[in-house]
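Enquirer: Quick one: this structure, given as structure tokens, is what I'll be asking you about.
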Amino acid sequence: MLKVAVFSDTHERASDWIDAVQHCRPDAVVHCGDGWRDTQRLRRKFPSLPVYAVCGNCDFSCRAPDSLVFTLGASRFFVTHGHLFGVKSHGLDRLVYAAQEAEAQICFYGHTHIPDACRVDGVQLFNPGSAGYGRPRTWGLLELSPQGVLRWQIRALPDGYSS
């Protein structure tokens, strides 16, 4: 089983999301933006762990792309923060179209700070919520079998912020 830990919107507010990675021991980590500096800390702590990260609307001087496409196991992924696709105000249609154009079966996004999972026009969309702001602070764990069968869980981080 392939485990992918998915975070978004850490906003340099918490290090306990890094503790969650250490405890979970995923095969890869995805960060959906608004936490570019946080991903750099994660990469230093776990240099051999694959980390896929994109820029969010609050990631100033970010060196990551706005979106990316990659393959893990039998699945193709599209990752973006979501702000460039209007996920807060215009629904998910533009995001779904971008994932379809990338020939991705799975799309991770953030920006709304609200965890969500849905399937639209053949694309499985996952939003892990916010690991930095909100109550509860959340992240997602995706488990993929070699056949691509998946299980998605929303997990809560402890209350309170750590540095």
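Identifiers for the structure tokens are assigned positionally: chains receive A, B, ... in sequence, residues are indexed from 1 per chain, and ligands are indexed from 1 in the order shown.
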Pull the closest atom pair for each residue of segment 68-110 of chain A that gets at most 9 Å from segment 120-138 of chain A, along with the distance in Å to one decimal, counting only C-alpha atoms, ordering rows by chain and then ascending residue number, as a tab-separated table.

Expert:
```
residue	atom	partner	partner_atom	distance
A:Leu92	CA	A:Val120	CA	8.5
A:Asp93	CA	A:Val120	CA	8.5
A:Val96	CA	A:Val123	CA	6.6
A:Tyr97	CA	A:Asp121	CA	9.0
A:Ala99	CA	A:Val123	CA	7.2
A:Gln100	CA	A:Val123	CA	7.2
A:Ala104	CA	A:Val123	CA	7.1
A:Gln105	CA	A:Val123	CA	5.0
A:Ile106	CA	A:Gln124	CA	4.8
A:Cys107	CA	A:Leu125	CA	4.8
A:Phe108	CA	A:Phe126	CA	4.9
A:Tyr109	CA	A:Asn127	CA	5.1
A:Gly110	CA	A:Asn127	CA	5.4
```

Enquirer: Output as a ChimeraX atom specification all residues of chain A that backbone DSSP marks as helix (DSSP H, G or I).

Expert: /A:16-24,36-45,83-85,93-101

Enquirer: So which one's closest to Leu72 of chain A, A:Trp152, A:Val29, A:Cys24, A:Phe7? Using only C-alpha atoms, please.

Expert: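 Checking each candidate against Leu72 of chain A, we get A:Val29 as the closest.
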
Enquirer: So which bits of chain A end up strand (DSSP E or B) when you DSSP the backbone, as a ChimeraX atom specification?

Expert: /A:2-7,28-31,51-53,67-72,75-80,106-108,116-120,123-127,138-144,150-156

Enquirer: Please dump the current selection as a compact mmCIF listing (two decimals), in the first residue's frame; keep N, CA and C atoms.

Expert:
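Printed below is again-v4.txt as written:
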```
# COMPACT_ATOMS: atom_id res chain seq x y z
N LEU A 2 0.63 2.15 -0.91
CA LEU A 2 1.35 3.40 -1.03
C LEU A 2 0.62 4.46 -0.21
N LYS A 3 1.34 5.15 0.70
CA LYS A 3 0.73 6.18 1.54
C LYS A 3 1.24 7.56 1.13
N VAL A 4 0.28 8.47 0.91
CA VAL A 4 0.61 9.84 0.55
C VAL A 4 -0.02 10.77 1.59
N ALA A 5 0.82 11.53 2.30
CA ALA A 5 0.33 12.53 3.26
C ALA A 5 0.13 13.84 2.51
N VAL A 6 -1.04 14.46 2.68
CA VAL A 6 -1.39 15.67 1.92
C VAL A 6 -1.72 16.80 2.89
N PHE A 7 -1.03 17.93 2.69
CA PHE A 7 -1.21 19.10 3.55
C PHE A 7 -1.46 20.32 2.68
N ALA A 28 5.28 9.45 0.31
CA ALA A 28 5.44 10.77 -0.31
C ALA A 28 4.58 11.77 0.45
N VAL A 29 4.94 13.05 0.31
CA VAL A 29 4.16 14.14 0.90
C VAL A 29 3.81 15.12 -0.21
N VAL A 30 2.57 15.60 -0.18
CA VAL A 30 2.12 16.64 -1.10
C VAL A 30 1.73 17.84 -0.26
N HIS A 31 2.20 19.02 -0.66
CA HIS A 31 1.78 20.27 -0.01
C HIS A 31 1.12 21.13 -1.08
N VAL A 51 8.82 15.01 -1.79
CA VAL A 51 7.91 16.08 -1.40
C VAL A 51 7.50 16.82 -2.66
N TYR A 52 6.21 16.84 -2.94
CA TYR A 52 5.66 17.54 -4.09
C TYR A 52 4.96 18.78 -3.56
N ALA A 53 5.39 19.97 -3.99
CA ALA A 53 4.83 21.20 -3.45
C ALA A 53 4.58 22.21 -4.55
N SER A 67 1.33 24.72 -10.36
CA SER A 67 0.69 23.40 -10.41
C SER A 67 1.74 22.40 -10.89
N LEU A 68 1.50 21.15 -10.58
CA LEU A 68 2.39 20.11 -11.09
C LEU A 68 1.64 18.81 -11.28
N VAL A 69 2.25 17.98 -12.13
CA VAL A 69 1.70 16.68 -12.48
C VAL A 69 2.78 15.65 -12.24
N PHE A 70 2.41 14.55 -11.60
CA PHE A 70 3.36 13.47 -11.36
C PHE A 70 2.60 12.16 -11.25
N THR A 71 3.36 11.07 -11.32
CA THR A 71 2.78 9.74 -11.22
C THR A 71 3.37 9.02 -10.02
N LEU A 72 2.50 8.40 -9.24
CA LEU A 72 2.90 7.52 -8.14
C LEU A 72 2.12 6.23 -8.32
N SER A 75 -1.22 5.76 -10.53
CA SER A 75 -2.08 6.94 -10.60
C SER A 75 -1.31 8.19 -11.02
N ARG A 76 -1.98 9.01 -11.82
CA ARG A 76 -1.43 10.30 -12.23
C ARG A 76 -2.13 11.38 -11.41
N PHE A 77 -1.33 12.32 -10.88
CA PHE A 77 -1.82 13.35 -9.97
C PHE A 77 -1.65 14.74 -10.58
N PHE A 78 -2.61 15.60 -10.28
CA PHE A 78 -2.53 17.03 -10.58
C PHE A 78 -2.65 17.75 -9.24
N VAL A 79 -1.70 18.66 -8.95
CA VAL A 79 -1.68 19.38 -7.68
C VAL A 79 -1.62 20.87 -7.95
N THR A 80 -2.44 21.61 -7.25
CA THR A 80 -2.42 23.07 -7.33
C THR A 80 -2.98 23.62 -6.02
N ILE A 106 -6.37 11.89 -10.18
CA ILE A 106 -6.48 12.41 -8.82
C ILE A 106 -5.98 13.84 -8.80
N CYS A 107 -6.74 14.72 -8.13
CA CYS A 107 -6.37 16.12 -8.02
C CYS A 107 -6.37 16.53 -6.56
N PHE A 108 -5.26 17.09 -6.09
CA PHE A 108 -5.17 17.67 -4.75
C PHE A 108 -5.19 19.19 -4.89
N ASP A 116 -12.38 18.37 1.84
CA ASP A 116 -13.42 17.93 0.93
C ASP A 116 -12.90 16.77 0.10
N ALA A 117 -13.81 15.96 -0.36
CA ALA A 117 -13.51 14.88 -1.29
C ALA A 117 -14.73 14.67 -2.16
N CYS A 118 -14.52 14.64 -3.47
CA CYS A 118 -15.63 14.38 -4.38
C CYS A 118 -15.06 13.87 -5.70
N ARG A 119 -15.92 13.30 -6.49
CA ARG A 119 -15.54 12.81 -7.82
C ARG A 119 -16.37 13.58 -8.83
N VAL A 120 -15.68 14.22 -9.80
CA VAL A 120 -16.36 15.01 -10.82
C VAL A 120 -15.79 14.63 -12.18
N VAL A 123 -12.59 12.61 -12.34
CA VAL A 123 -11.44 13.06 -11.56
C VAL A 123 -11.81 13.01 -10.08
N GLN A 124 -10.97 12.36 -9.30
CA GLN A 124 -11.15 12.32 -7.84
C GLN A 124 -10.44 13.54 -7.25
N LEU A 125 -11.21 14.42 -6.60
CA LEU A 125 -10.67 15.65 -6.03
C LEU A 125 -10.57 15.52 -4.51
N PHE A 126 -9.44 15.96 -3.97
CA PHE A 126 -9.22 15.92 -2.53
C PHE A 126 -8.66 17.26 -2.06
N ASN A 127 -9.26 17.79 -1.02
CA ASN A 127 -8.76 18.99 -0.34
C ASN A 127 -8.53 18.59 1.11
N THR A 138 -6.53 20.33 9.82
CA THR A 138 -6.62 18.99 9.23
C THR A 138 -5.57 18.75 8.15
N TRP A 139 -5.40 17.48 7.84
CA TRP A 139 -4.56 17.01 6.74
C TRP A 139 -5.18 15.73 6.21
N GLY A 140 -4.70 15.27 5.08
CA GLY A 140 -5.27 14.08 4.48
C GLY A 140 -4.24 12.97 4.30
N LEU A 141 -4.73 11.75 4.38
CA LEU A 141 -3.90 10.59 4.10
C LEU A 141 -4.58 9.77 3.02
N LEU A 142 -3.87 9.61 1.91
CA LEU A 142 -4.37 8.82 0.79
C LEU A 142 -3.59 7.52 0.75
N GLU A 143 -4.30 6.41 0.67
CA GLU A 143 -3.67 5.10 0.55
C GLU A 143 -4.08 4.51 -0.80
N LEU A 144 -3.06 4.09 -1.55
CA LEU A 144 -3.27 3.53 -2.88
C LEU A 144 -2.75 2.10 -2.93
N LEU A 150 -8.18 3.34 -3.81
CA LEU A 150 -7.74 4.31 -2.83
C LEU A 150 -8.68 4.43 -1.63
N ARG A 151 -8.08 4.92 -0.56
CA ARG A 151 -8.82 5.25 0.66
C ARG A 151 -8.31 6.61 1.12
N TRP A 152 -9.23 7.52 1.39
CA TRP A 152 -8.89 8.88 1.80
C TRP A 152 -9.40 9.10 3.22
N GLN A 153 -8.53 9.62 4.06
CA GLN A 153 -8.91 9.95 5.44
C GLN A 153 -8.53 11.39 5.73
N ILE A 154 -9.41 12.09 6.40
CA ILE A 154 -9.07 13.41 6.94
C ILE A 154 -8.66 13.18 8.38
N ARG A 155 -7.50 13.72 8.74
CA ARG A 155 -6.99 13.57 10.10
C ARG A 155 -6.80 14.96 10.71
N ALA A 156 -7.02 15.05 11.99
CA ALA A 156 -6.88 16.32 12.70
C ALA A 156 -5.51 16.42 13.34
```

Enquirer: Between A:Ser145, A:Glu12, A:His111, A:Arg37, which one has atoms that come closest to Ala64 of chain A, using only C-alpha atoms?

Expert: A:Arg37

Enquirer: At what distance in Å, to one decimal, does atom CA of Val54 of chain A lie from atom CA of Val149 of chain A?

Expert: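 Answer for the atom CA of Val149 of chain A to atom CA of Val54 of chain A separation: 25.1 Å.
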
Enquirer: Hey, which of A:Ser61, A:Met1, A:Gly148, A:Thr112 ends up closest to His90 of chain A? Count only C-alpha atoms.

Expert: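 Among A:Ser61, A:Met1, A:Gly148, A:Thr112, it is A:Thr112 that comes nearest to His90 of chain A.
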